[in-house]
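Enquirer: Structure supplied as final_16.pdb; contents: PDB, C-alpha atoms, pLDDT in the B column.
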```pdb
ATOM      1  CA  MET A   1     -43.934  49.614  47.925  1.00 41.00           C
ATOM      2  CA  LEU A   2     -40.874  50.016  45.720  1.00 41.00           C
ATOM      3  CA  TYR A   3     -41.133  52.119  42.574  1.00 39.00           C
ATOM      4  CA  VAL A   4     -38.791  53.965  40.277  1.00 40.00           C
ATOM      5  CA  LYS A   5     -39.081  57.739  40.072  1.00 46.00           C
ATOM      6  CA  ASN A   6     -36.847  58.150  37.048  1.00 44.00           C
ATOM      7  CA  LEU A   7     -37.732  55.685  34.265  1.00 43.00           C
ATOM      8  CA  ASN A   8     -34.624  56.627  32.269  1.00 45.00           C
ATOM      9  CA  CYS A   9     -32.585  54.189  34.333  1.00 46.00           C
ATOM     10  CA  LEU A  10     -34.669  51.279  32.989  1.00 46.00           C
ATOM     11  CA  ASN A  11     -33.689  51.774  29.358  1.00 46.00           C
ATOM     12  CA  GLY A  12     -30.052  52.723  29.767  1.00 50.00           C
ATOM     13  CA  GLY A  13     -30.581  56.456  30.186  1.00 49.00           C
ATOM     14  CA  LYS A  14     -32.366  56.967  26.860  1.00 49.00           C
ATOM     15  CA  VAL A  15     -35.285  59.303  26.850  1.00 49.00           C
ATOM     16  CA  SER A  16     -37.177  57.763  23.957  1.00 50.00           C
ATOM     17  CA  GLY A  17     -37.952  54.087  23.528  1.00 51.00           C
ATOM     18  CA  LYS A  18     -36.736  54.060  19.918  1.00 53.00           C
ATOM     19  CA  LYS A  19     -33.692  52.049  18.972  1.00 53.00           C
ATOM     20  CA  SER A  20     -30.947  53.226  16.733  1.00 51.00           C
ATOM     21  CA  PRO A  21     -30.398  51.438  13.393  1.00 53.00           C
ATOM     22  CA  ALA A  22     -27.142  50.005  14.757  1.00 51.00           C
ATOM     23  CA  GLU A  23     -29.023  48.345  17.631  1.00 50.00           C
ATOM     24  CA  ASP A  24     -31.576  46.877  15.218  1.00 50.00           C
ATOM     25  CA  LYS A  25     -28.727  45.494  13.122  1.00 51.00           C
ATOM     26  CA  ASP A  26     -27.098  43.930  16.172  1.00 47.00           C
ATOM     27  CA  GLN A  27     -30.283  42.088  17.052  1.00 52.00           C
ATOM     28  CA  GLY A  28     -30.697  40.862  13.469  1.00 49.00           C
ATOM     29  CA  LEU A  29     -34.306  41.893  13.072  1.00 49.00           C
ATOM     30  CA  GLY A  30     -35.580  40.768   9.678  1.00 57.00           C
ATOM     31  CA  SER A  31     -32.277  39.639   8.261  1.00 67.00           C
ATOM     32  CA  GLY A  32     -29.601  36.993   8.229  1.00 80.00           C
ATOM     33  CA  LYS A  33     -30.091  34.068  10.552  1.00 84.00           C
ATOM     34  CA  TYR A  34     -33.785  34.508  11.253  1.00 86.00           C
ATOM     35  CA  LYS A  35     -34.709  34.839   7.604  1.00 83.00           C
ATOM     36  CA  ALA A  36     -32.693  31.737   6.730  1.00 81.00           C
ATOM     37  CA  MET A  37     -34.262  29.764   9.579  1.00 86.00           C
ATOM     38  CA  ALA A  38     -37.740  30.793   8.489  1.00 85.00           C
ATOM     39  CA  MET A  39     -36.982  29.797   4.908  1.00 84.00           C
ATOM     40  CA  LEU A  40     -35.584  26.407   5.904  1.00 85.00           C
ATOM     41  CA  SER A  41     -38.423  25.608   8.266  1.00 89.00           C
ATOM     42  CA  SER A  42     -41.055  26.557   5.703  1.00 88.00           C
ATOM     43  CA  MET A  43     -39.355  24.312   3.131  1.00 89.00           C
ATOM     44  CA  GLY A  44     -39.315  21.382   5.551  1.00 90.00           C
ATOM     45  CA  ILE A  45     -42.920  21.862   6.578  1.00 93.00           C
ATOM     46  CA  ALA A  46     -44.033  22.162   2.946  1.00 91.00           C
ATOM     47  CA  MET A  47     -42.182  18.970   1.984  1.00 94.00           C
ATOM     48  CA  LEU A  48     -43.688  17.060   4.911  1.00 95.00           C
ATOM     49  CA  LEU A  49     -47.232  18.285   4.360  1.00 96.00           C
ATOM     50  CA  THR A  50     -47.292  17.619   0.619  1.00 96.00           C
ATOM     51  CA  SER A  51     -45.948  14.093   1.159  1.00 96.00           C
ATOM     52  CA  LEU A  52     -48.486  13.365   3.896  1.00 97.00           C
ATOM     53  CA  LEU A  53     -51.282  14.785   1.781  1.00 97.00           C
ATOM     54  CA  GLY A  54     -50.249  12.526  -1.103  1.00 97.00           C
ATOM     55  CA  ILE A  55     -50.211   9.484   1.171  1.00 97.00           C
ATOM     56  CA  GLY A  56     -53.601  10.396   2.624  1.00 97.00           C
ATOM     57  CA  VAL A  57     -55.299  10.907  -0.727  1.00 97.00           C
ATOM     58  CA  GLY A  58     -53.704   7.751  -2.123  1.00 97.00           C
ATOM     59  CA  TYR A  59     -54.714   5.686   0.898  1.00 97.00           C
ATOM     60  CA  TYR A  60     -58.305   6.924   0.688  1.00 97.00           C
ATOM     61  CA  LEU A  61     -58.531   6.186  -3.028  1.00 97.00           C
ATOM     62  CA  ASP A  62     -56.916   2.748  -2.548  1.00 96.00           C
ATOM     63  CA  LYS A  63     -59.561   1.819   0.026  1.00 96.00           C
ATOM     64  CA  LYS A  64     -62.341   3.161  -2.166  1.00 96.00           C
ATOM     65  CA  PHE A  65     -61.280   1.407  -5.395  1.00 96.00           C
ATOM     66  CA  GLY A  66     -59.500  -1.647  -3.936  1.00 95.00           C
ATOM     67  CA  THR A  67     -56.133  -0.973  -5.588  1.00 93.00           C
ATOM     68  CA  GLU A  68     -54.132  -1.417  -2.398  1.00 90.00           C
ATOM     69  CA  PRO A  69     -50.608  -0.021  -2.735  1.00 91.00           C
ATOM     70  CA  TRP A  70     -50.652   1.549  -6.194  1.00 96.00           C
ATOM     71  CA  LEU A  71     -52.600   4.776  -5.814  1.00 96.00           C
ATOM     72  CA  MET A  72     -50.894   5.526  -2.518  1.00 96.00           C
ATOM     73  CA  LEU A  73     -47.477   5.149  -4.154  1.00 97.00           C
ATOM     74  CA  ILE A  74     -48.495   7.287  -7.142  1.00 97.00           C
ATOM     75  CA  PHE A  75     -49.874  10.062  -4.946  1.00 97.00           C
ATOM     76  CA  LEU A  76     -46.840   9.842  -2.645  1.00 97.00           C
ATOM     77  CA  ILE A  77     -44.579  10.437  -5.651  1.00 97.00           C
ATOM     78  CA  LEU A  78     -46.811  13.318  -6.766  1.00 97.00           C
ATOM     79  CA  GLY A  79     -46.695  14.773  -3.224  1.00 97.00           C
ATOM     80  CA  ILE A  80     -42.897  14.575  -3.146  1.00 96.00           C
ATOM     81  CA  ALA A  81     -42.721  16.236  -6.569  1.00 97.00           C
ATOM     82  CA  ALA A  82     -45.055  18.997  -5.361  1.00 96.00           C
ATOM     83  CA  GLY A  83     -42.852  19.439  -2.282  1.00 94.00           C
ATOM     84  CA  PHE A  84     -39.726  19.866  -4.422  1.00 95.00           C
ATOM     85  CA  LYS A  85     -41.542  22.325  -6.690  1.00 94.00           C
ATOM     86  CA  ASN A  86     -42.597  24.303  -3.625  1.00 92.00           C
ATOM     87  CA  MET A  87     -39.036  24.178  -2.294  1.00 90.00           C
ATOM     88  CA  PHE A  88     -37.636  25.635  -5.516  1.00 89.00           C
ATOM     89  CA  THR A  89     -40.343  28.305  -5.508  1.00 89.00           C
ATOM     90  CA  ILE A  90     -39.351  29.317  -1.966  1.00 84.00           C
ATOM     91  CA  LEU A  91     -35.677  29.397  -2.952  1.00 84.00           C
ATOM     92  CA  LYS A  92     -36.422  31.670  -5.912  1.00 86.00           C
ATOM     93  CA  ARG A  93     -38.531  33.943  -3.716  1.00 82.00           C
ATOM     94  CA  TYR A  94     -35.615  34.444  -1.333  1.00 76.00           C
ATOM     95  CA  GLY A  95     -33.178  35.177  -4.123  1.00 73.00           C
ATOM     96  CA  PHE A  96     -31.461  31.859  -4.798  1.00 72.00           C
ATOM     97  CA  ASN A  97     -31.650  31.708  -8.605  1.00 69.00           C
ATOM     98  CA  ASP A  98     -30.108  29.185 -10.956  1.00 62.00           C
ATOM     99  CA  PRO A  99     -26.719  30.229 -12.336  1.00 64.00           C
ATOM    100  CA  GLU A 100     -27.116  30.647 -16.077  1.00 59.00           C
TER     101      GLU A 100
END
```
Translate this file's structure into structure tokens.
Expert:
Amino acid sequence: MLYVKNLNCLNGGKVSGKKSPAEDKDQGLGSGKYKAMAMLSSMGIAMLLTSLLGIGVGYYLDKKFGTEPWLMLIFLILGIAAGFKNMFTILKRYGFNDPE
């Protein structure tokens, strides 16, 4: 059976498992690219879900009241508007404010 007597060789000769702040910065933990990707993906998901929710509610109400395309179109427009509102809220949360 093969085993390592000195575990320091596994982590580059460091005694502790802690990383220096420079190493954390190199990996980009919690900043830059990953934060932007998370923001963009949450905006896309929010826009998709609010639009689909609007279509679903509108379709259900159209079938219930017999007003075929109208309620679905109205709730689709409301879902898109809610998606844009959510998108602007996310942008403000991450520090993208309107220039005044």
Enquirer: Can you turn the PyMOL selection byres ((chain A and resi 78) around 12) into a concrete residue list for this file, as a PyMOL selection string?
Expert: chain A and resi 47+50-58+71-77+79-85
Enquirer: What does the structure give for the distance between CA of Asn86 in chain A and CA of Lys35 in chain A, in Å to one decimal?
Expert: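 Answer for the CA of Asn86 in chain A to CA of Lys35 in chain A separation: 17.3 Å.
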Enquirer: From the list A:Met43, A:Ala38, A:Gly66, A:Lys33, which residue is nearest Thr89 in chain A when using all atoms listed in the file?
Expert: A:Met43
Enquirer: Under the rule that only C-alpha atoms are counted, which of A:Met37, A:Leu49, A:Gly44, A:Gly32 is the nearest residue to Met87 in chain A?
Expert: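 Among the listed residues, the smallest separation from Met87 in chain A belongs to A:Gly44.
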